[in-house]
Amino acid sequence: METKIFTFKTNINCGGCIAKITPFLDEVKGISNWNVDTANKNKVLTVVSNGITESEVIDTVQKAGFKIETI
């Protein structure tokens with residue numbers, strides 16, 4: 001399966017936000033790695049996909065209560 005990398009603009013902007021989103025992203029199958037660059041003004045979430053789709057990542061982040069859009 002091809003590994004894909006998705007990047008998103010989010011409002012995940014601090015350690016507390018990362019702690020809140022972690023269980024949501026960690027329990028989803030198909031993510032091999034993820035990271036949020038809170039130093040970037042767009043709070044860029046990078047997801048290394050191992051099967052998950054871009055829309056599934058968006059759904060997961062929205063369920064956790066955060067804003068997300070593709071960039």
# chains A, B, ... in the order shown; residues from 1 in each chain; ligands from 1
>>> select_by_dssp(residues="chain A", states="strand (DSSP E)", output="PyMOL selection string")
chain A and resi 4-10+31-37+44-49+68-70
>>> residues_around(residues="Gly15 of chain A", least_positions_apart="2", cutoff="12 Å", atoms="only C-alpha atoms", output="list in words")
Asn11, Ile12, Asn13, Cys17, Ile18, Ala19, Lys20, Ile21, Thr22, Asn35, Val36, Asp37, Thr38, Ala39 and Lys43 of chain A
>>> write_last_selection(atoms="all heavy atoms", output="short mmCIF file (atom, residue, chain, number, x, y, z; two decimals), in the first residue's frame")
data_model
loop_
_atom_site.label_atom_id
_atom_site.label_comp_id
_atom_site.auth_asym_id
_atom_site.auth_seq_id
_atom_site.Cartn_x
_atom_site.Cartn_y
_atom_site.Cartn_z
N ASN A 11 -6.81 24.33 14.09
CA ASN A 11 -6.73 25.24 15.24
C ASN A 11 -6.22 24.47 16.48
O ASN A 11 -6.53 24.81 17.60
CB ASN A 11 -8.07 25.93 15.51
CG ASN A 11 -9.18 24.97 15.90
OD1 ASN A 11 -9.08 23.76 15.69
ND2 ASN A 11 -10.24 25.50 16.47
N ILE A 12 -5.44 23.43 16.25
CA ILE A 12 -4.79 22.67 17.33
C ILE A 12 -3.53 23.46 17.69
O ILE A 12 -2.52 23.36 17.01
CB ILE A 12 -4.43 21.24 16.85
CG1 ILE A 12 -5.69 20.50 16.39
CG2 ILE A 12 -3.71 20.47 17.96
CD1 ILE A 12 -5.42 19.22 15.62
N ASN A 13 -3.60 24.29 18.74
CA ASN A 13 -2.55 25.28 18.91
C ASN A 13 -1.72 25.19 20.18
O ASN A 13 -0.94 26.08 20.47
CB ASN A 13 -3.15 26.69 18.77
CG ASN A 13 -4.22 26.95 19.81
OD1 ASN A 13 -4.36 26.21 20.77
ND2 ASN A 13 -4.98 28.00 19.61
N CYS A 17 -4.28 21.01 23.51
CA CYS A 17 -5.04 20.60 22.31
C CYS A 17 -4.48 19.29 21.77
O CYS A 17 -5.23 18.41 21.36
CB CYS A 17 -4.96 21.67 21.23
SG CYS A 17 -5.72 23.23 21.67
N ILE A 18 -3.15 19.18 21.74
CA ILE A 18 -2.53 17.96 21.24
C ILE A 18 -2.92 16.77 22.13
O ILE A 18 -3.23 15.69 21.65
CB ILE A 18 -1.00 18.13 21.13
CG1 ILE A 18 -0.70 19.12 20.00
CG2 ILE A 18 -0.30 16.79 20.89
CD1 ILE A 18 0.74 19.56 19.89
N ALA A 19 -2.94 17.00 23.45
CA ALA A 19 -3.36 15.94 24.37
C ALA A 19 -4.80 15.52 24.10
O ALA A 19 -5.14 14.34 24.20
CB ALA A 19 -3.20 16.40 25.82
N LYS A 20 -5.64 16.48 23.72
CA LYS A 20 -7.06 16.17 23.45
C LYS A 20 -7.22 15.40 22.15
O LYS A 20 -8.03 14.48 22.06
CB LYS A 20 -7.85 17.48 23.40
CG LYS A 20 -9.34 17.26 23.22
CD LYS A 20 -10.11 18.58 23.26
CE LYS A 20 -11.58 18.34 22.92
NZ LYS A 20 -12.32 19.57 22.73
N ILE A 21 -6.43 15.74 21.13
CA ILE A 21 -6.58 15.10 19.82
C ILE A 21 -5.88 13.73 19.76
O ILE A 21 -6.26 12.87 18.98
CB ILE A 21 -6.08 16.03 18.69
CG1 ILE A 21 -6.53 15.54 17.31
CG2 ILE A 21 -4.57 16.16 18.68
CD1 ILE A 21 -7.95 15.80 16.98
N THR A 22 -4.87 13.53 20.60
CA THR A 22 -4.05 12.31 20.53
C THR A 22 -4.87 11.02 20.56
O THR A 22 -4.69 10.17 19.68
CB THR A 22 -2.97 12.31 21.64
OG1 THR A 22 -2.08 13.39 21.37
CG2 THR A 22 -2.19 11.00 21.67
N ASN A 35 1.71 14.57 13.28
CA ASN A 35 2.40 15.62 14.02
C ASN A 35 1.69 16.94 13.78
O ASN A 35 1.17 17.18 12.70
CB ASN A 35 3.85 15.70 13.52
CG ASN A 35 4.63 16.77 14.27
OD1 ASN A 35 4.68 16.78 15.48
ND2 ASN A 35 5.23 17.66 13.51
N VAL A 36 1.67 17.78 14.81
CA VAL A 36 1.13 19.14 14.67
C VAL A 36 2.26 20.13 14.90
O VAL A 36 2.92 20.08 15.94
CB VAL A 36 -0.01 19.42 15.67
CG1 VAL A 36 -0.55 20.84 15.48
CG2 VAL A 36 -1.13 18.41 15.53
N ASP A 37 2.48 21.01 13.94
CA ASP A 37 3.48 22.07 14.08
C ASP A 37 2.80 23.29 14.69
O ASP A 37 2.25 24.13 13.97
CB ASP A 37 4.08 22.39 12.72
CG ASP A 37 5.15 23.47 12.80
OD1 ASP A 37 5.43 23.96 13.92
OD2 ASP A 37 5.71 23.83 11.74
N THR A 38 2.80 23.38 16.02
CA THR A 38 2.12 24.48 16.69
C THR A 38 2.88 25.80 16.54
O THR A 38 2.33 26.85 16.80
CB THR A 38 1.89 24.18 18.18
OG1 THR A 38 3.15 23.88 18.79
CG2 THR A 38 0.93 23.02 18.37
N ALA A 39 4.14 25.75 16.11
CA ALA A 39 4.91 26.98 15.88
C ALA A 39 4.49 27.66 14.57
O ALA A 39 4.64 28.86 14.40
CB ALA A 39 6.40 26.68 15.86
N LYS A 43 -0.87 26.15 12.24
CA LYS A 43 -0.99 24.96 13.11
C LYS A 43 -1.13 23.70 12.25
O LYS A 43 -2.11 22.96 12.30
CB LYS A 43 -2.19 25.08 14.06
CG LYS A 43 -2.28 26.42 14.77
CD LYS A 43 -1.04 26.72 15.57
CE LYS A 43 -1.12 28.10 16.22
NZ LYS A 43 0.17 28.62 16.61
#
>>> closest_residue(among="A:Ala64, A:Ile58, A:Ile71, A:Leu25", to="Thr7 of chain A", atoms="only C-alpha atoms")
A:Ile71
>>> select_by_dssp(residues="chain A", states="alpha helix (DSSP H)", output="ChimeraX atom specification")
/A:15-27,54-63
>>> write_last_selection(atoms="N, CA, C and O atoms", output="compact mmCIF listing (two decimals), in the first residue's frame")
# COMPACT_ATOMS: atom_id res chain seq x y z
N GLY A 15 -0.19 22.41 23.70
CA GLY A 15 -0.01 21.06 24.23
C GLY A 15 -1.31 20.44 24.72
O GLY A 15 -1.53 19.25 24.56
N GLY A 16 -2.18 21.26 25.30
CA GLY A 16 -3.47 20.75 25.77
C GLY A 16 -4.33 20.26 24.62
O GLY A 16 -5.01 19.25 24.73
N CYS A 17 -4.28 21.01 23.51
CA CYS A 17 -5.04 20.60 22.31
C CYS A 17 -4.48 19.29 21.77
O CYS A 17 -5.23 18.41 21.36
N ILE A 18 -3.15 19.18 21.74
CA ILE A 18 -2.53 17.96 21.24
C ILE A 18 -2.92 16.77 22.13
O ILE A 18 -3.23 15.69 21.65
N ALA A 19 -2.94 17.00 23.45
CA ALA A 19 -3.36 15.94 24.37
C ALA A 19 -4.80 15.52 24.10
O ALA A 19 -5.14 14.34 24.20
N LYS A 20 -5.64 16.48 23.72
CA LYS A 20 -7.06 16.17 23.45
C LYS A 20 -7.22 15.40 22.15
O LYS A 20 -8.03 14.48 22.06
N ILE A 21 -6.43 15.74 21.13
CA ILE A 21 -6.58 15.10 19.82
C ILE A 21 -5.88 13.73 19.76
O ILE A 21 -6.26 12.87 18.98
N THR A 22 -4.87 13.53 20.60
CA THR A 22 -4.05 12.31 20.53
C THR A 22 -4.87 11.02 20.56
O THR A 22 -4.69 10.17 19.68
N PRO A 23 -5.79 10.83 21.52
CA PRO A 23 -6.52 9.55 21.51
C PRO A 23 -7.37 9.36 20.26
O PRO A 23 -7.55 8.23 19.79
N PHE A 24 -7.88 10.45 19.69
CA PHE A 24 -8.68 10.34 18.47
C PHE A 24 -7.83 9.85 17.30
O PHE A 24 -8.21 8.94 16.59
N LEU A 25 -6.66 10.49 17.12
CA LEU A 25 -5.81 10.11 16.00
C LEU A 25 -5.11 8.79 16.22
O LEU A 25 -4.89 8.03 15.29
N ASP A 26 -4.79 8.47 17.48
CA ASP A 26 -4.09 7.22 17.76
C ASP A 26 -4.99 5.99 17.61
O ASP A 26 -4.49 4.91 17.33
N GLU A 27 -6.30 6.16 17.80
CA GLU A 27 -7.18 4.99 17.71
C GLU A 27 -7.64 4.70 16.29
O GLU A 27 -8.21 3.64 16.03
N GLU A 54 -7.99 11.25 3.24
CA GLU A 54 -7.99 12.64 3.70
C GLU A 54 -9.30 12.98 4.41
O GLU A 54 -9.30 13.60 5.47
N SER A 55 -10.43 12.54 3.84
CA SER A 55 -11.73 12.87 4.45
C SER A 55 -11.91 12.18 5.80
O SER A 55 -12.55 12.73 6.70
N GLU A 56 -11.34 10.99 5.97
CA GLU A 56 -11.43 10.31 7.27
C GLU A 56 -10.63 11.06 8.34
O GLU A 56 -11.04 11.13 9.50
N VAL A 57 -9.48 11.62 7.95
CA VAL A 57 -8.70 12.43 8.89
C VAL A 57 -9.51 13.66 9.30
O VAL A 57 -9.61 13.99 10.49
N ILE A 58 -10.12 14.33 8.32
CA ILE A 58 -10.93 15.52 8.60
C ILE A 58 -12.08 15.17 9.55
O ILE A 58 -12.32 15.87 10.55
N ASP A 59 -12.78 14.07 9.27
CA ASP A 59 -13.89 13.64 10.14
C ASP A 59 -13.41 13.40 11.57
O ASP A 59 -14.07 13.80 12.53
N THR A 60 -12.27 12.74 11.71
CA THR A 60 -11.73 12.42 13.02
C THR A 60 -11.39 13.68 13.81
O THR A 60 -11.75 13.81 14.99
N VAL A 61 -10.74 14.64 13.16
CA VAL A 61 -10.35 15.88 13.84
C VAL A 61 -11.59 16.69 14.21
O VAL A 61 -11.67 17.26 15.31
N GLN A 62 -12.58 16.71 13.33
CA GLN A 62 -13.82 17.44 13.64
C GLN A 62 -14.57 16.79 14.80
O GLN A 62 -15.13 17.49 15.63
N LYS A 63 -14.55 15.47 14.87
CA LYS A 63 -15.20 14.77 15.99
C LYS A 63 -14.55 15.15 17.31
O LYS A 63 -15.20 15.18 18.35
>>> residues_around(residues="Phe8 of chain A", least_positions_apart="5", cutoff="6 Å", atoms="only C-alpha atoms", output="ChimeraX atom specification")
/A:44-45,69-71
>>> write_last_selection(atoms="N, CA and C atoms", output="CSV table (one decimal), in the first residue's frame")
chain,number,residue,atom,x,y,z
A,44,VAL,N,-0.1,23.4,11.4
A,44,VAL,CA,-0.2,22.4,10.4
A,44,VAL,C,-0.1,21.0,11.0
A,45,LEU,N,-1.2,20.3,10.7
A,45,LEU,CA,-1.2,18.8,11.1
A,45,LEU,C,-0.7,18.0,9.9
A,69,GLU,N,-8.8,22.1,7.7
A,69,GLU,CA,-9.0,22.2,6.3
A,69,GLU,C,-7.7,21.8,5.6
A,70,THR,N,-7.9,21.3,4.4
A,70,THR,CA,-6.7,20.9,3.6
A,70,THR,C,-6.0,22.1,3.1
A,71,ILE,N,-4.6,21.9,3.0
A,71,ILE,CA,-3.8,23.0,2.4
A,71,ILE,C,-2.9,22.5,1.3
>>> atom_distance(atom1="atom CA of Val28 of chain A", atom2="atom CA of Lys9 of chain A")
19.4 Å
>>> atom_distance(atom1="atom CA of Ser49 of chain A", atom2="atom CA of Lys67 of chain A")
19.6 Å
>>> closest_residue(among="A:Asn40, A:Asn33, A:Ile68, A:Val47", to="Phe6 of chain A", atoms="only C-alpha atoms")
A:Val47
>>> decode(residues="segment 25-43 of chain A", atoms="N, CA, C and O atoms", output="PDB file, in the first residue's frame")
ATOM      1  N   LEU A  25      -6.661  10.486  17.121  1.00  0.00           N
ATOM      2  CA  LEU A  25      -5.812  10.115  15.996  1.00  0.00           C
ATOM      3  C   LEU A  25      -5.113   8.788  16.225  1.00  0.00           C
ATOM      4  O   LEU A  25      -4.886   8.031  15.285  1.00  0.00           O
ATOM      5  N   ASP A  26      -4.789   8.469  17.479  1.00  0.00           N
ATOM      6  CA  ASP A  26      -4.088   7.222  17.763  1.00  0.00           C
ATOM      7  C   ASP A  26      -4.985   5.995  17.608  1.00  0.00           C
ATOM      8  O   ASP A  26      -4.490   4.906  17.334  1.00  0.00           O
ATOM      9  N   GLU A  27      -6.298   6.156  17.803  1.00  0.00           N
ATOM     10  CA  GLU A  27      -7.180   4.991  17.715  1.00  0.00           C
ATOM     11  C   GLU A  27      -7.643   4.695  16.290  1.00  0.00           C
ATOM     12  O   GLU A  27      -8.205   3.641  16.026  1.00  0.00           O
ATOM     13  N   VAL A  28      -7.379   5.625  15.367  1.00  0.00           N
ATOM     14  CA  VAL A  28      -7.811   5.436  13.981  1.00  0.00           C
ATOM     15  C   VAL A  28      -6.837   4.526  13.258  1.00  0.00           C
ATOM     16  O   VAL A  28      -5.626   4.747  13.303  1.00  0.00           O
ATOM     17  N   LYS A  29      -7.373   3.507  12.610  1.00  0.00           N
ATOM     18  CA  LYS A  29      -6.527   2.630  11.808  1.00  0.00           C
ATOM     19  C   LYS A  29      -6.139   3.369  10.523  1.00  0.00           C
ATOM     20  O   LYS A  29      -6.915   4.136   9.988  1.00  0.00           O
ATOM     21  N   GLY A  30      -4.926   3.118  10.059  1.00  0.00           N
ATOM     22  CA  GLY A  30      -4.501   3.703   8.801  1.00  0.00           C
ATOM     23  C   GLY A  30      -3.629   4.934   8.935  1.00  0.00           C
ATOM     24  O   GLY A  30      -3.250   5.542   7.944  1.00  0.00           O
ATOM     25  N   ILE A  31      -3.298   5.320  10.179  1.00  0.00           N
ATOM     26  CA  ILE A  31      -2.355   6.422  10.381  1.00  0.00           C
ATOM     27  C   ILE A  31      -1.064   5.814  10.922  1.00  0.00           C
ATOM     28  O   ILE A  31      -1.068   5.185  11.975  1.00  0.00           O
ATOM     29  N   SER A  32       0.030   5.989  10.183  1.00  0.00           N
ATOM     30  CA  SER A  32       1.293   5.451  10.691  1.00  0.00           C
ATOM     31  C   SER A  32       2.033   6.475  11.548  1.00  0.00           C
ATOM     32  O   SER A  32       2.808   6.102  12.421  1.00  0.00           O
ATOM     33  N   ASN A  33       1.757   7.759  11.318  1.00  0.00           N
ATOM     34  CA  ASN A  33       2.409   8.801  12.097  1.00  0.00           C
ATOM     35  C   ASN A  33       1.650  10.105  11.898  1.00  0.00           C
ATOM     36  O   ASN A  33       1.045  10.308  10.844  1.00  0.00           O
ATOM     37  N   TRP A  34       1.676  10.978  12.888  1.00  0.00           N
ATOM     38  CA  TRP A  34       1.075  12.308  12.748  1.00  0.00           C
ATOM     39  C   TRP A  34       1.805  13.292  13.640  1.00  0.00           C
ATOM     40  O   TRP A  34       2.454  12.904  14.597  1.00  0.00           O
ATOM     41  N   ASN A  35       1.709  14.569  13.283  1.00  0.00           N
ATOM     42  CA  ASN A  35       2.402  15.615  14.018  1.00  0.00           C
ATOM     43  C   ASN A  35       1.690  16.943  13.785  1.00  0.00           C
ATOM     44  O   ASN A  35       1.165  17.185  12.705  1.00  0.00           O
ATOM     45  N   VAL A  36       1.668  17.785  14.809  1.00  0.00           N
ATOM     46  CA  VAL A  36       1.127  19.135  14.666  1.00  0.00           C
ATOM     47  C   VAL A  36       2.260  20.130  14.901  1.00  0.00           C
ATOM     48  O   VAL A  36       2.924  20.076  15.939  1.00  0.00           O
ATOM     49  N   ASP A  37       2.476  21.013  13.944  1.00  0.00           N
ATOM     50  CA  ASP A  37       3.475  22.073  14.081  1.00  0.00           C
ATOM     51  C   ASP A  37       2.796  23.291  14.690  1.00  0.00           C
ATOM     52  O   ASP A  37       2.254  24.133  13.973  1.00  0.00           O
ATOM     53  N   THR A  38       2.800  23.378  16.017  1.00  0.00           N
ATOM     54  CA  THR A  38       2.119  24.484  16.689  1.00  0.00           C
ATOM     55  C   THR A  38       2.878  25.799  16.538  1.00  0.00           C
ATOM     56  O   THR A  38       2.326  26.854  16.796  1.00  0.00           O
ATOM     57  N   ALA A  39       4.145  25.750  16.106  1.00  0.00           N
ATOM     58  CA  ALA A  39       4.908  26.982  15.881  1.00  0.00           C
ATOM     59  C   ALA A  39       4.489  27.657  14.570  1.00  0.00           C
ATOM     60  O   ALA A  39       4.639  28.856  14.405  1.00  0.00           O
ATOM     61  N   ASN A  40       3.938  26.878  13.652  1.00  0.00           N
ATOM     62  CA  ASN A  40       3.477  27.421  12.372  1.00  0.00           C
ATOM     63  C   ASN A  40       2.172  28.173  12.604  1.00  0.00           C
ATOM     64  O   ASN A  40       1.306  27.704  13.339  1.00  0.00           O
ATOM     65  N   LYS A  41       1.990  29.327  11.956  1.00  0.00           N
ATOM     66  CA  LYS A  41       0.765  30.110  12.193  1.00  0.00           C
ATOM     67  C   LYS A  41      -0.494  29.364  11.764  1.00  0.00           C
ATOM     68  O   LYS A  41      -1.574  29.626  12.269  1.00  0.00           O
ATOM     69  N   ASN A  42      -0.363  28.420  10.837  1.00  0.00           N
ATOM     70  CA  ASN A  42      -1.510  27.627  10.385  1.00  0.00           C
ATOM     71  C   ASN A  42      -1.726  26.355  11.211  1.00  0.00           C
ATOM     72  O   ASN A  42      -2.643  25.593  10.928  1.00  0.00           O
ATOM     73  N   LYS A  43      -0.867  26.147  12.236  1.00  0.00           N
ATOM     74  CA  LYS A  43      -0.994  24.962  13.105  1.00  0.00           C
ATOM     75  C   LYS A  43      -1.126  23.699  12.251  1.00  0.00           C
ATOM     76  O   LYS A  43      -2.107  22.963  12.304  1.00  0.00           O
TER      77      LYS A  43
END
